[in-house]
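Pasting start.cif here (mmCIF, C-alpha atoms (C1' of nucleotides)):
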data_work
#
loop_
_atom_site.label_atom_id
_atom_site.label_comp_id
_atom_site.auth_asym_id
_atom_site.auth_seq_id
_atom_site.Cartn_x
_atom_site.Cartn_y
_atom_site.Cartn_z
CA MET A 1 10.33 21.18 -11.52
CA SER A 2 14.09 20.97 -11.49
CA PRO A 3 16.16 24.17 -11.87
CA ILE A 4 17.77 23.14 -15.16
CA GLN A 5 15.84 20.92 -17.56
CA GLY A 6 17.08 17.36 -17.42
CA THR A 7 19.80 17.91 -14.85
CA ARG A 8 19.67 15.81 -11.74
CA THR A 9 20.57 17.53 -8.54
CA GLY A 10 19.48 15.14 -5.81
CA GLY A 11 19.72 11.52 -4.82
CA ARG A 12 22.63 9.54 -6.15
CA SER A 13 24.20 12.44 -8.05
CA ALA A 14 24.33 14.50 -4.89
CA ARG A 15 25.82 11.63 -2.94
CA VAL A 16 28.52 11.08 -5.55
CA GLN A 17 29.39 14.77 -5.60
CA GLN A 18 29.60 14.81 -1.82
CA ALA A 19 31.74 11.67 -1.71
CA VAL A 20 34.14 12.99 -4.34
CA HIS A 21 34.49 16.38 -2.65
CA ASP A 22 35.11 14.70 0.68
CA ALA A 23 37.70 12.43 -0.87
CA VAL A 24 39.53 15.41 -2.36
CA ARG A 25 39.59 17.21 0.97
CA ASP A 26 40.80 14.14 2.81
CA LEU A 27 43.54 13.48 0.31
CA GLN A 28 44.61 17.12 0.17
CA SER A 29 45.24 17.05 3.89
CA GLU A 30 47.63 14.15 3.69
CA ARG A 31 49.21 14.27 0.26
CA SER A 32 50.88 16.84 -1.92
CA ARG A 33 49.21 18.14 -5.03
CA SER A 34 51.47 16.15 -7.35
CA GLU A 35 50.43 12.92 -5.67
CA LEU A 36 46.74 13.47 -6.40
CA SER A 37 45.12 11.87 -9.40
CA VAL A 38 41.61 11.23 -10.63
CA PRO A 39 41.81 7.46 -10.12
CA LEU A 40 43.07 7.99 -6.56
CA VAL A 41 40.27 10.38 -5.69
CA ALA A 42 37.72 8.10 -7.30
CA GLN A 43 38.93 5.12 -5.31
CA HIS A 44 38.68 7.01 -2.02
CA ALA A 45 35.22 8.23 -2.95
CA GLY A 46 34.08 4.76 -3.88
CA VAL A 47 33.19 5.64 -7.46
CA THR A 48 34.73 4.77 -10.79
CA PRO A 49 37.22 7.15 -12.41
CA SER A 50 35.07 7.52 -15.49
CA THR A 51 32.36 9.11 -13.35
CA VAL A 52 34.78 11.79 -12.19
CA TYR A 53 36.08 12.39 -15.69
CA ARG A 54 32.58 12.77 -17.04
CA ARG A 55 31.39 15.18 -14.39
CA TRP A 56 34.47 17.32 -13.92
CA GLY A 57 36.55 16.70 -17.03
CA THR A 58 39.96 17.02 -15.41
CA LEU A 59 41.53 16.91 -11.98
CA GLN A 60 42.16 20.64 -12.29
CA GLU A 61 38.48 21.46 -12.71
CA LEU A 62 37.55 19.20 -9.82
CA LEU A 63 40.09 20.90 -7.56
CA ALA A 64 38.79 24.31 -8.59
CA ASP A 65 35.26 23.19 -7.77
CA VAL A 66 36.34 22.04 -4.32
CA ALA A 67 38.34 25.22 -3.74
CA ARG A 68 35.34 27.38 -4.59
CA GLU A 69 33.25 25.47 -2.06
CA ARG A 70 35.85 26.03 0.63
CA MET A 71 35.96 29.75 -0.05
CA ARG A 72 32.25 30.09 0.57
CA PRO A 73 31.71 32.54 3.41
CA ASP A 74 30.56 30.91 6.62
CA ASP A 75 29.98 33.54 9.29
CA PRO A 76 29.57 37.28 8.87
CA PRO A 77 32.79 39.08 9.81
CA ASP A 78 33.23 40.11 13.45
CA ASP A 79 31.67 43.39 14.50
CA THR A 80 34.36 45.23 16.43
CA GLY A 81 32.37 48.47 16.58
CA ALA A 82 34.25 50.58 14.02
CA LEU A 83 35.02 50.45 10.30
CA ASP A 84 38.74 50.74 10.85
CA THR A 85 39.02 47.76 13.17
CA ASP A 86 36.44 45.71 11.27
CA LEU A 87 38.37 46.05 8.04
CA LYS A 88 41.71 45.39 9.70
CA ALA A 89 40.47 42.25 11.41
CA TRP A 90 39.06 40.99 8.14
CA ALA A 91 42.17 41.87 6.11
CA ARG A 92 44.38 40.12 8.62
CA LEU A 93 42.27 36.99 8.55
CA TYR A 94 42.11 37.03 4.78
CA LEU A 95 45.87 37.35 4.44
CA GLU A 96 46.43 34.53 6.90
CA GLU A 97 43.92 32.38 5.09
CA ILE A 98 45.30 32.70 1.60
CA SER A 99 48.97 32.78 2.53
CA SER A 100 48.62 29.52 4.43
CA SER A 101 49.81 26.50 2.57
CA PRO A 102 46.33 25.11 1.81
CA GLY A 103 45.03 28.61 1.07
CA ARG A 104 47.62 29.13 -1.63
CA GLU A 105 46.70 25.82 -3.17
CA TYR A 106 43.05 26.78 -3.33
CA VAL A 107 43.72 30.05 -5.08
CA ARG A 108 46.16 28.33 -7.38
CA ASP A 109 43.53 25.73 -8.27
CA LEU A 110 40.96 28.46 -8.91
CA VAL A 111 43.17 30.49 -11.23
CA ALA A 112 44.44 27.40 -13.02
CA SER A 113 40.98 26.20 -13.95
CA GLU A 114 39.80 26.69 -17.48
CA GLY A 115 36.64 28.73 -17.03
CA GLU A 116 36.56 31.87 -14.92
CA GLU A 117 33.32 31.17 -13.09
CA ASN A 118 35.07 29.73 -10.08
CA SER A 119 37.43 32.67 -9.57
CA GLU A 120 34.62 35.14 -10.10
CA GLN A 121 32.41 33.36 -7.62
CA CYS A 122 35.24 33.45 -5.14
CA ASN A 123 35.58 37.20 -5.50
CA ARG A 124 31.85 37.56 -5.02
CA TYR A 125 32.10 35.66 -1.74
CA CYS A 126 34.83 38.05 -0.72
CA GLN A 127 32.77 41.09 -1.59
CA VAL A 128 29.86 39.75 0.43
CA LYS A 129 32.01 40.00 3.53
CA ILE A 130 33.35 43.42 2.60
CA ARG A 131 29.88 44.75 1.98
CA ALA A 132 28.68 43.46 5.34
CA ILE A 133 31.42 45.51 6.98
CA LEU A 134 30.68 48.59 4.87
CA ASP A 135 26.95 48.35 5.56
CA ARG A 136 27.61 48.38 9.28
CA ALA A 137 29.80 51.45 8.84
CA ALA A 138 27.02 53.13 6.87
CA ARG A 139 24.53 52.39 9.63
CA ARG A 140 26.90 53.88 12.18
CA GLY A 141 27.17 56.99 10.02
CA GLU A 142 30.91 56.50 9.43
CA PRO A 143 32.43 57.69 6.14
CA HIS A 144 33.39 54.64 4.10
CA PRO A 145 34.75 53.64 0.68
CA ASP A 146 32.76 51.47 -1.71
CA ALA A 147 33.32 47.74 -2.06
CA ASP A 148 35.22 48.00 -5.35
CA THR A 149 37.69 50.39 -3.80
CA VAL A 150 38.29 48.01 -0.90
CA THR A 151 38.84 45.25 -3.44
CA ASP A 152 41.37 47.33 -5.37
CA ARG A 153 43.23 48.63 -2.36
CA VAL A 154 43.14 45.72 0.09
CA THR A 155 42.09 42.42 -1.46
CA ALA A 156 44.04 42.80 -4.71
CA PRO A 157 47.38 43.76 -3.11
CA ILE A 158 47.07 40.89 -0.63
CA VAL A 159 46.44 38.30 -3.32
CA PHE A 160 49.07 39.77 -5.60
CA ARG A 161 51.74 39.84 -2.97
CA VAL A 162 51.11 36.29 -1.84
CA PHE A 163 51.49 35.02 -5.38
CA PHE A 164 54.02 37.31 -7.00
CA SER A 165 56.36 38.50 -4.28
CA GLN A 166 58.91 36.42 -2.51
CA GLY A 167 58.57 35.88 1.20
CA ASP A 168 55.44 35.85 3.31
CA PRO A 169 53.94 39.22 4.14
CA GLU A 170 53.42 39.99 7.82
CA PRO A 171 49.84 40.19 9.12
CA GLU A 172 50.53 43.80 10.08
CA TRP A 173 51.12 44.69 6.46
CA ALA A 174 47.46 43.95 5.70
CA GLU A 175 46.51 46.48 8.34
CA THR A 176 48.68 49.19 6.80
CA LEU A 177 46.75 48.73 3.56
CA VAL A 178 43.56 49.54 5.46
CA ASP A 179 45.23 52.50 7.18
CA LYS A 180 46.29 53.98 3.85
CA LEU A 181 42.91 53.40 2.30
CA LEU A 182 41.05 55.14 5.12
CA ALA A 183 43.59 57.98 5.21
CA ASP A 184 42.85 58.75 1.55
CA LEU A 185 39.07 58.96 1.95
CA MET B 1 84.74 27.33 -13.72
CA SER B 2 81.06 27.01 -14.55
CA PRO B 3 78.47 29.00 -12.61
CA ILE B 4 76.80 25.94 -11.11
CA GLN B 5 78.89 22.82 -10.71
CA GLY B 6 77.92 20.17 -13.22
CA THR B 7 75.12 21.97 -15.04
CA ARG B 8 75.39 22.23 -18.78
CA THR B 9 74.30 25.44 -20.38
CA GLY B 10 75.56 25.32 -23.95
CA GLY B 11 75.69 23.14 -27.02
CA ARG B 12 73.08 20.46 -27.31
CA SER B 13 71.27 21.36 -24.10
CA ALA B 14 70.82 24.93 -25.28
CA ARG B 15 69.59 23.78 -28.66
CA VAL B 16 67.06 21.44 -27.10
CA GLN B 17 65.75 24.15 -24.79
CA GLN B 18 65.41 26.53 -27.69
CA ALA B 19 63.66 23.96 -29.87
CA VAL B 20 61.21 23.02 -27.11
CA HIS B 21 60.40 26.65 -26.26
CA ASP B 22 59.86 27.41 -29.94
CA ALA B 23 57.62 24.38 -30.31
CA VAL B 24 55.50 25.49 -27.36
CA ARG B 25 55.10 29.00 -28.78
CA ASP B 26 54.21 27.68 -32.21
CA LEU B 27 51.65 25.26 -30.83
CA GLN B 28 50.16 27.83 -28.46
CA SER B 29 49.40 30.08 -31.40
CA GLU B 30 47.39 27.46 -33.21
CA ARG B 31 45.93 25.18 -30.56
CA SER B 32 44.03 25.53 -27.33
CA ARG B 33 45.64 24.75 -24.02
CA SER B 34 43.76 21.48 -23.60
CA GLU B 35 45.10 20.23 -26.92
CA LEU B 36 48.72 20.62 -25.84
CA SER B 37 50.61 17.66 -24.46
CA VAL B 38 54.20 16.80 -23.75
CA PRO B 39 54.43 14.22 -26.55
CA LEU B 40 53.03 16.74 -29.03
CA VAL B 41 55.48 19.45 -28.03
CA ALA B 42 58.33 16.97 -28.09
CA GLN B 43 57.45 15.82 -31.57
CA HIS B 44 57.36 19.39 -32.91
CA ALA B 45 60.66 20.13 -31.24
CA GLY B 46 62.26 16.99 -32.65
CA VAL B 47 63.13 15.52 -29.27
CA THR B 48 61.81 12.56 -27.32
CA PRO B 49 59.11 13.07 -24.68
CA SER B 50 61.32 11.66 -21.95
CA THR B 51 63.75 14.52 -22.50
CA VAL B 52 61.01 17.03 -21.82
CA TYR B 53 59.74 15.12 -18.78
CA ARG B 54 63.20 14.94 -17.30
CA ARG B 55 64.05 18.59 -17.80
CA TRP B 56 60.73 20.22 -16.96
CA GLY B 57 58.84 17.53 -15.05
CA THR B 58 55.36 18.37 -16.30
CA LEU B 59 53.69 20.28 -19.09
CA GLN B 60 52.61 22.85 -16.51
CA GLU B 61 56.17 23.65 -15.49
CA LEU B 62 57.27 23.89 -19.10
CA LEU B 63 54.46 26.31 -19.90
CA ALA B 64 55.37 28.42 -16.86
CA ASP B 65 58.99 28.51 -18.04
CA VAL B 66 57.91 29.70 -21.49
CA ALA B 67 55.52 32.25 -20.00
CA ARG B 68 58.26 33.72 -17.83
CA GLU B 69 60.47 34.12 -20.89
CA ARG B 70 57.72 35.96 -22.73
CA MET B 71 57.19 38.35 -19.85
CA ARG B 72 60.81 39.44 -19.93
CA PRO B 73 60.94 43.18 -20.53
CA ASP B 74 62.12 44.13 -24.01
CA ASP B 75 62.26 47.88 -24.36
CA PRO B 76 62.24 50.51 -21.62
CA PRO B 77 58.78 52.10 -21.33
CA ASP B 78 58.08 55.15 -23.49
CA ASP B 79 59.21 58.52 -22.16
CA THR B 80 56.24 60.83 -22.56
CA GLY B 81 57.82 63.62 -20.54
CA ALA B 82 55.83 63.37 -17.31
CA LEU B 83 55.24 60.80 -14.55
CA ASP B 84 51.47 60.95 -14.95
CA THR B 85 51.45 60.14 -18.64
CA ASP B 86 54.33 57.64 -18.39
CA LEU B 87 52.49 55.61 -15.77
CA LYS B 88 49.20 55.80 -17.61
CA ALA B 89 50.74 54.64 -20.87
CA TRP B 90 52.42 51.75 -19.10
CA ALA B 91 49.31 50.77 -17.12
CA ARG B 92 47.22 50.77 -20.25
CA LEU B 93 49.69 48.59 -22.11
CA TYR B 94 50.00 46.24 -19.17
CA LEU B 95 46.25 45.82 -18.88
CA GLU B 96 45.92 45.18 -22.59
CA GLU B 97 48.75 42.68 -22.47
CA ILE B 98 47.48 40.53 -19.65
CA SER B 99 43.80 40.76 -20.46
CA SER B 100 44.45 39.52 -23.97
CA SER B 101 43.71 35.89 -24.52
CA PRO B 102 47.36 34.76 -24.68
CA GLY B 103 48.26 37.08 -21.82
CA ARG B 104 45.73 35.47 -19.53
CA GLU B 105 47.13 32.08 -20.44
CA TYR B 106 50.64 33.14 -19.54
CA VAL B 107 49.66 34.42 -16.12
CA ARG B 108 47.54 31.35 -15.58
CA ASP B 109 50.50 29.13 -16.42
CA LEU B 110 52.75 31.11 -14.09
CA VAL B 111 50.42 30.90 -11.10
CA ALA B 112 49.60 27.24 -11.74
CA SER B 113 53.24 26.17 -11.63
CA GLU B 114 54.47 24.43 -8.54
CA GLY B 115 57.34 26.66 -7.42
CA GLU B 116 56.95 30.40 -7.06
CA GLU B 117 60.16 31.42 -8.77
CA ASN B 118 58.46 32.02 -12.08
CA SER B 119 55.77 34.31 -10.71
CA GLU B 120 58.28 36.19 -8.61
CA GLN B 121 60.59 36.69 -11.56
CA CYS B 122 57.67 38.00 -13.54
CA ASN B 123 56.89 40.59 -10.89
CA ARG B 124 60.54 41.61 -10.85
CA TYR B 125 60.37 42.21 -14.60
CA CYS B 126 57.35 44.38 -13.99
CA GLN B 127 59.07 46.37 -11.29
CA VAL B 128 62.03 46.98 -13.57
CA LYS B 129 59.74 48.89 -15.88
CA ILE B 130 58.04 50.74 -13.06
CA ARG B 131 61.37 51.77 -11.57
CA ALA B 132 62.55 53.06 -14.94
CA ILE B 133 59.53 55.35 -15.00
CA LEU B 134 59.98 56.44 -11.39
CA ASP B 135 63.69 57.13 -11.91
CA ARG B 136 62.88 59.45 -14.77
CA ALA B 137 60.35 61.24 -12.57
CA ALA B 138 63.00 61.60 -9.87
CA ARG B 139 65.46 63.09 -12.36
CA ARG B 140 62.82 65.57 -13.46
CA GLY B 141 62.27 66.51 -9.83
CA GLU B 142 58.65 65.34 -9.86
CA PRO B 143 57.14 63.97 -6.64
CA HIS B 144 56.63 60.24 -7.05
CA PRO B 145 55.52 57.14 -5.12
CA ASP B 146 57.86 54.19 -4.57
CA ALA B 147 57.74 51.06 -6.71
CA ASP B 148 55.99 48.94 -4.09
CA THR B 149 53.18 51.47 -3.87
CA VAL B 150 52.75 51.41 -7.64
CA THR B 151 52.63 47.63 -7.47
CA ASP B 152 49.95 47.68 -4.77
CA ARG B 153 47.83 50.37 -6.36
CA VAL B 154 48.16 49.73 -10.09
CA THR B 155 49.66 46.34 -10.94
CA ALA B 156 47.81 44.34 -8.28
CA PRO B 157 44.31 45.70 -9.05
CA ILE B 158 44.86 45.14 -12.77
CA VAL B 159 45.89 41.53 -12.33
CA PHE B 160 43.21 40.87 -9.75
CA ARG B 161 40.44 42.29 -11.85
CA VAL B 162 41.44 40.38 -14.94
CA PHE B 163 41.36 37.12 -13.06
CA PHE B 164 38.65 37.53 -10.46
CA SER B 165 36.08 39.88 -11.90
CA GLN B 166 33.72 39.12 -14.70
CA GLY B 167 33.97 41.12 -17.87
CA ASP B 168 36.97 42.82 -19.37
CA PRO B 169 38.03 46.10 -17.79
CA GLU B 170 38.32 49.10 -20.13
CA PRO B 171 41.79 50.50 -20.83
CA GLU B 172 40.62 53.79 -19.29
CA TRP B 173 40.08 52.08 -15.97
CA ALA B 174 43.84 51.45 -15.69
CA GLU B 175 44.37 55.18 -16.07
CA THR B 176 41.97 56.00 -13.26
CA LEU B 177 44.06 53.81 -10.97
CA VAL B 178 47.05 56.02 -11.77
CA ASP B 179 45.00 59.18 -11.27
CA LYS B 180 43.90 58.05 -7.84
CA LEU B 181 47.40 57.00 -6.86
CA LEU B 182 48.90 60.35 -7.83
CA ALA B 183 46.06 62.27 -6.20
CA ASP B 184 46.85 60.63 -2.86
CA LEU B 185 50.57 61.48 -2.87
"C1'" DG C 1 94.43 19.07 -29.09
"C1'" DT C 2 93.18 14.71 -26.35
"C1'" DC C 3 91.22 12.40 -22.61
"C1'" DC C 4 88.00 11.91 -18.86
"C1'" DT C 5 83.69 12.40 -16.44
"C1'" DA C 6 79.17 13.08 -15.82
"C1'" DA C 7 75.10 15.56 -17.56
"C1'" DA C 8 71.74 15.18 -20.86
"C1'" DC C 9 69.64 12.74 -24.64
"C1'" DG C 10 67.42 8.64 -27.10
"C1'" DC C 11 65.06 4.41 -26.94
"C1'" DA C 12 61.81 1.10 -25.34
"C1'" DA C 13 59.29 -1.39 -21.79
"C1'" DA C 14 56.20 -0.96 -17.92
"C1'" DT C 15 52.89 1.62 -15.67
"C1'" DT C 16 49.25 4.78 -15.11
"C1'" DC C 17 45.82 7.83 -16.85
"C1'" DT C 18 42.10 9.02 -20.17
"C1'" DT C 19 38.45 8.18 -23.33
"C1'" DA C 20 34.65 5.81 -25.66
"C1'" DG C 21 30.98 2.56 -26.11
"C1'" DC C 22 27.79 -0.18 -23.94
"C1'" DT C 23 25.09 -1.86 -19.87
"C1'" DT C 24 22.92 -1.08 -15.54
"C1'" DT C 25 20.94 1.67 -11.86
"C1'" DA C 26 17.95 4.82 -9.79
"C1'" DG C 27 15.62 9.54 -9.66
"C1'" DC C 28 11.82 11.75 -11.53
"C1'" DT C 29 7.04 12.30 -13.67
"C1'" DC C 30 2.74 10.70 -14.41
"C1'" DG D 1 4.33 1.39 -9.53
"C1'" DA D 2 5.55 1.82 -14.65
"C1'" DG D 3 8.11 4.13 -17.93
"C1'" DC D 4 11.63 7.31 -19.17
"C1'" DT D 5 16.21 8.94 -19.16
"C1'" DA D 6 20.21 11.17 -16.78
"C1'" DA D 7 23.91 9.59 -14.60
"C1'" DA D 8 26.82 5.81 -12.82
"C1'" DG D 9 29.24 1.38 -13.64
"C1'" DC D 10 32.06 -1.58 -16.49
"C1'" DT D 11 35.57 -2.80 -19.75
"C1'" DA D 12 38.80 -2.38 -23.28
"C1'" DA D 13 41.49 0.46 -26.37
"C1'" DG D 14 44.43 4.33 -26.76
"C1'" DA D 15 47.39 8.00 -24.95
"C1'" DA D 16 50.40 9.88 -21.67
"C1'" DT D 17 53.84 9.29 -18.08
"C1'" DT D 18 57.53 7.04 -15.72
"C1'" DT D 19 61.64 4.39 -15.51
"C1'" DG D 20 65.93 1.87 -16.55
"C1'" DC D 21 69.74 1.47 -19.47
"C1'" DG D 22 72.85 2.40 -23.19
"C1'" DT D 23 74.83 6.27 -25.98
"C1'" DT D 24 76.20 10.85 -26.95
"C1'" DT D 25 78.52 15.06 -25.91
"C1'" DA D 26 79.52 19.41 -23.15
"C1'" DG D 27 82.89 21.12 -20.12
"C1'" DG D 28 86.98 20.78 -17.57
"C1'" DA D 29 91.99 19.05 -16.81
"C1'" DC D 30 96.16 18.10 -18.63
#
Please render this file's structure as structure tokens.
Amino acid sequence: MSPIQGTRTGGRSARVQQAVHDAVRDLQSERSRSELSVPLVAQHAGVTPSTVYRRWGTLQELLADVARERMRPDDPPDDTGALDTDLKAWARLYLEEISSSPGREYVRDLVASEGEENSEQCNRYCQVKIRAILDRAARRGEPHPDADTVTDRVTAPIVFRVFFSQGDPEPEWAETLVDKLLADL
Amino acid sequence: MSPIQGTRTGGRSARVQQAVHDAVRDLQSERSRSELSVPLVAQHAGVTPSTVYRRWGTLQELLADVARERMRPDDPPDDTGALDTDLKAWARLYLEEISSSPGREYVRDLVASEGEENSEQCNRYCQVKIRAILDRAARRGEPHPDADTVTDRVTAPIVFRVFFSQGDPEPEWAETLVDKLLADL
DNA sequence: GTCCTAAACGCAAATTCTTAGCTTTAGCTC
DNA sequence: GAGCTAAAGCTAAGAATTTGCGTTTAGGAC
């Protein structure tokens, strides 16, 4: 039985999805956003444009779909032995990731997409990592904030500053956010 | 001598800009984002599409330009007599504004635009209001955080939650952000 | 006020993107 | 493996975008 009645998830459909995603990633690495188009992606993927239009609707939605995939957490965050250093290492990495040129594009694509599922999913991925760090702290018996507080005091300021303030924040700034958070516990 | 060599700011150019902005606002109030197009806006504004393309480049950039205009601060925030209540009133209003359906669209349009000038300008508008509140607190002799701290602890979480968390936050939640900020002073 | 220059607009042709209808292919169930 | 149908391919019509060129007009100089 398939997960959703009458929706095909394997075989050709899966291959097309894979080919289109790969094409987007390839093209993103060598062309600017304004040079991308549905027909171009379709050609590189070896499918017809109408297939892409039917499945994703617009280039924007396709880009958001690809961005969400790229944000999927791969490895659990490094265990440095203490909450303070775990959170700082993660915050630093996160800031570097989303302030990088491709990182900005991904977040931009997520926010620009019509529905909010993609952005929400992305935040959930983020919280998975945060919770892994907090769980370790709990097991060590360290006092720790909850995941929502970390989101409000570390993740949110990082994302906000990258998108709404001029100039790139220094990696150290992410660590000061963690310092302040832990000082207020 | 004109401010920027060879850039026209008055007369016909100004009228066209006004007409196009007005057309966008009119259309936004009665149509969904996906129904907007450059030719449609141009027609309502009584100009040719090529004029819009040449001045703004894409629909996205035009929408970001309009959104920035709408975010411009109008009145100074209400003076309720104390920092705590001033900040809470502002935070509540801000949350309501950007979590509203048109508000979300404006922020979306800002972030989606190519350059970052529009988003940055928007944050500056926001900080103008925050600073007005903090200045009043300073004059009253109240202890107060700096504007960047308010941005990190109130503005950023509000924006982040509206765009990356599912479900609409309650207005009261914005006030708790202020409570926590002031408690940690 | 008049003239000059170039920025900005209008128009229209050429190109590219998007959509819709129909046909074909290939997963899935039995 | 036969039948069913979602999803892909194909093609043509329609819409949006880009571009070149002529015209208008704002802004500065005299």
Quiz item: How would you write, as a list in words, the residues chosen by the PyMOL selection byres ((chain A) within 6 of (chain B)) on this structure?
Solution: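 Written out, the selection comes to Arg108, Ala112, Ser119, Glu120, Asn123, Asp152, Ala156, Pro157, Phe160, Phe164 and Ser165 of chain A.
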Practice problem: Pick out the chain D residues within 8 Å of chain B. Count all atoms listed in the file. Give them as a list in words. | Solution: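 Putting it all together, I get DA16, DT25, DA26, DG27 and DG28 of chain D.
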Practice problem: Find the residues in chain C near chain B: any atom within 9 Å counts, using only C-alpha atoms (C1' of nucleotides). Write them as a list in words. | Solution: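 Residues satisfying the distance criterion: DA6, DA7, DA8, DC9, DG10 and DC11 of chain C.
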Using C-alpha atoms (C1' of nucleotides), can you write the selected residues to a file as a PDB file, keeping the file's coordinate frame?
ATOM      1  C1'  DA C   6      79.170  13.080 -15.820  1.00  0.00           C
ATOM      2  C1'  DA C   7      75.100  15.560 -17.560  1.00  0.00           C
ATOM      3  C1'  DA C   8      71.740  15.180 -20.860  1.00  0.00           C
ATOM      4  C1'  DC C   9      69.640  12.740 -24.640  1.00  0.00           C
ATOM      5  C1'  DG C  10      67.420   8.640 -27.100  1.00  0.00           C
ATOM      6  C1'  DC C  11      65.060   4.410 -26.940  1.00  0.00           C
TER       7       DC C  11
END
For this file, the PyMOL selection byres ((chain D and resi 18) around 8) selects which residues, as an mmCIF file with C-alpha atoms (C1' of nucleotides), keeping the file's coordinate frame?
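Output saved as selection-v6.cif:
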data_model
loop_
_atom_site.group_PDB
_atom_site.id
_atom_site.type_symbol
_atom_site.label_atom_id
_atom_site.label_comp_id
_atom_site.auth_asym_id
_atom_site.auth_seq_id
_atom_site.Cartn_x
_atom_site.Cartn_y
_atom_site.Cartn_z
ATOM 1 C "C1'" DT C 15 52.890 1.620 -15.670
ATOM 2 C "C1'" DT D 17 53.840 9.290 -18.080
ATOM 3 C "C1'" DT D 19 61.640 4.390 -15.510
#
Exercise. Grab the CA of His144 (chain B) to CA of Val178 (chain B) distance for me, in Å with one decimal place.
Key: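 Taking CA of His144 (chain B) as the start and CA of Val178 (chain B) as the end point, the length is 11.5 Å.
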Quiz prompt | Separation of CA of Glu96 (chain A) from CA of Val128 (chain A) in Å | solution =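 Taking CA of Val128 (chain A) and CA of Glu96 (chain A), their separation equals 18.5 Å.
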Quiz item: In Å, with one decimal, what is the gap from CA of Gly115 (chain B) to CA of Glu69 (chain B)?
Solution: 15.7 Å
Test item: residues at most 10 Å from region 139-142 of chain A, all atoms listed in the file, excluding those fewer than 3 positions along its chain, as a compact mmCIF listing (two decimals) with C-alpha atoms, keeping the file's coordinate frame:
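Saved file part04.txt follows:
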# COMPACT_ATOMS: atom_id res chain seq x y z
CA GLY A 81 32.37 48.47 16.58
CA ALA A 82 34.25 50.58 14.02
CA LEU A 83 35.02 50.45 10.30
CA ASP A 84 38.74 50.74 10.85
CA LEU A 134 30.68 48.59 4.87
CA ASP A 135 26.95 48.35 5.56
CA ARG A 136 27.61 48.38 9.28
CA PRO A 145 34.75 53.64 0.68
Practice problem: Name the residues that the PyMOL selection byres ((chain D and resi 9) around 8) pulls out of this structure, and write them as a PyMOL selection string. | Solution: (chain A and resi 48) or (chain C and resi 24) or (chain D and resi 8+10)
Coordinates of box centre and edge lengths for region 7-17 of chain D, 6 Å on every side, axis-aligned, as JSON:
{"center_x": 38.9, "center_y": 3.5, "center_z": -19.8, "size_x": 41.9, "size_y": 24.7, "size_z": 25.9}
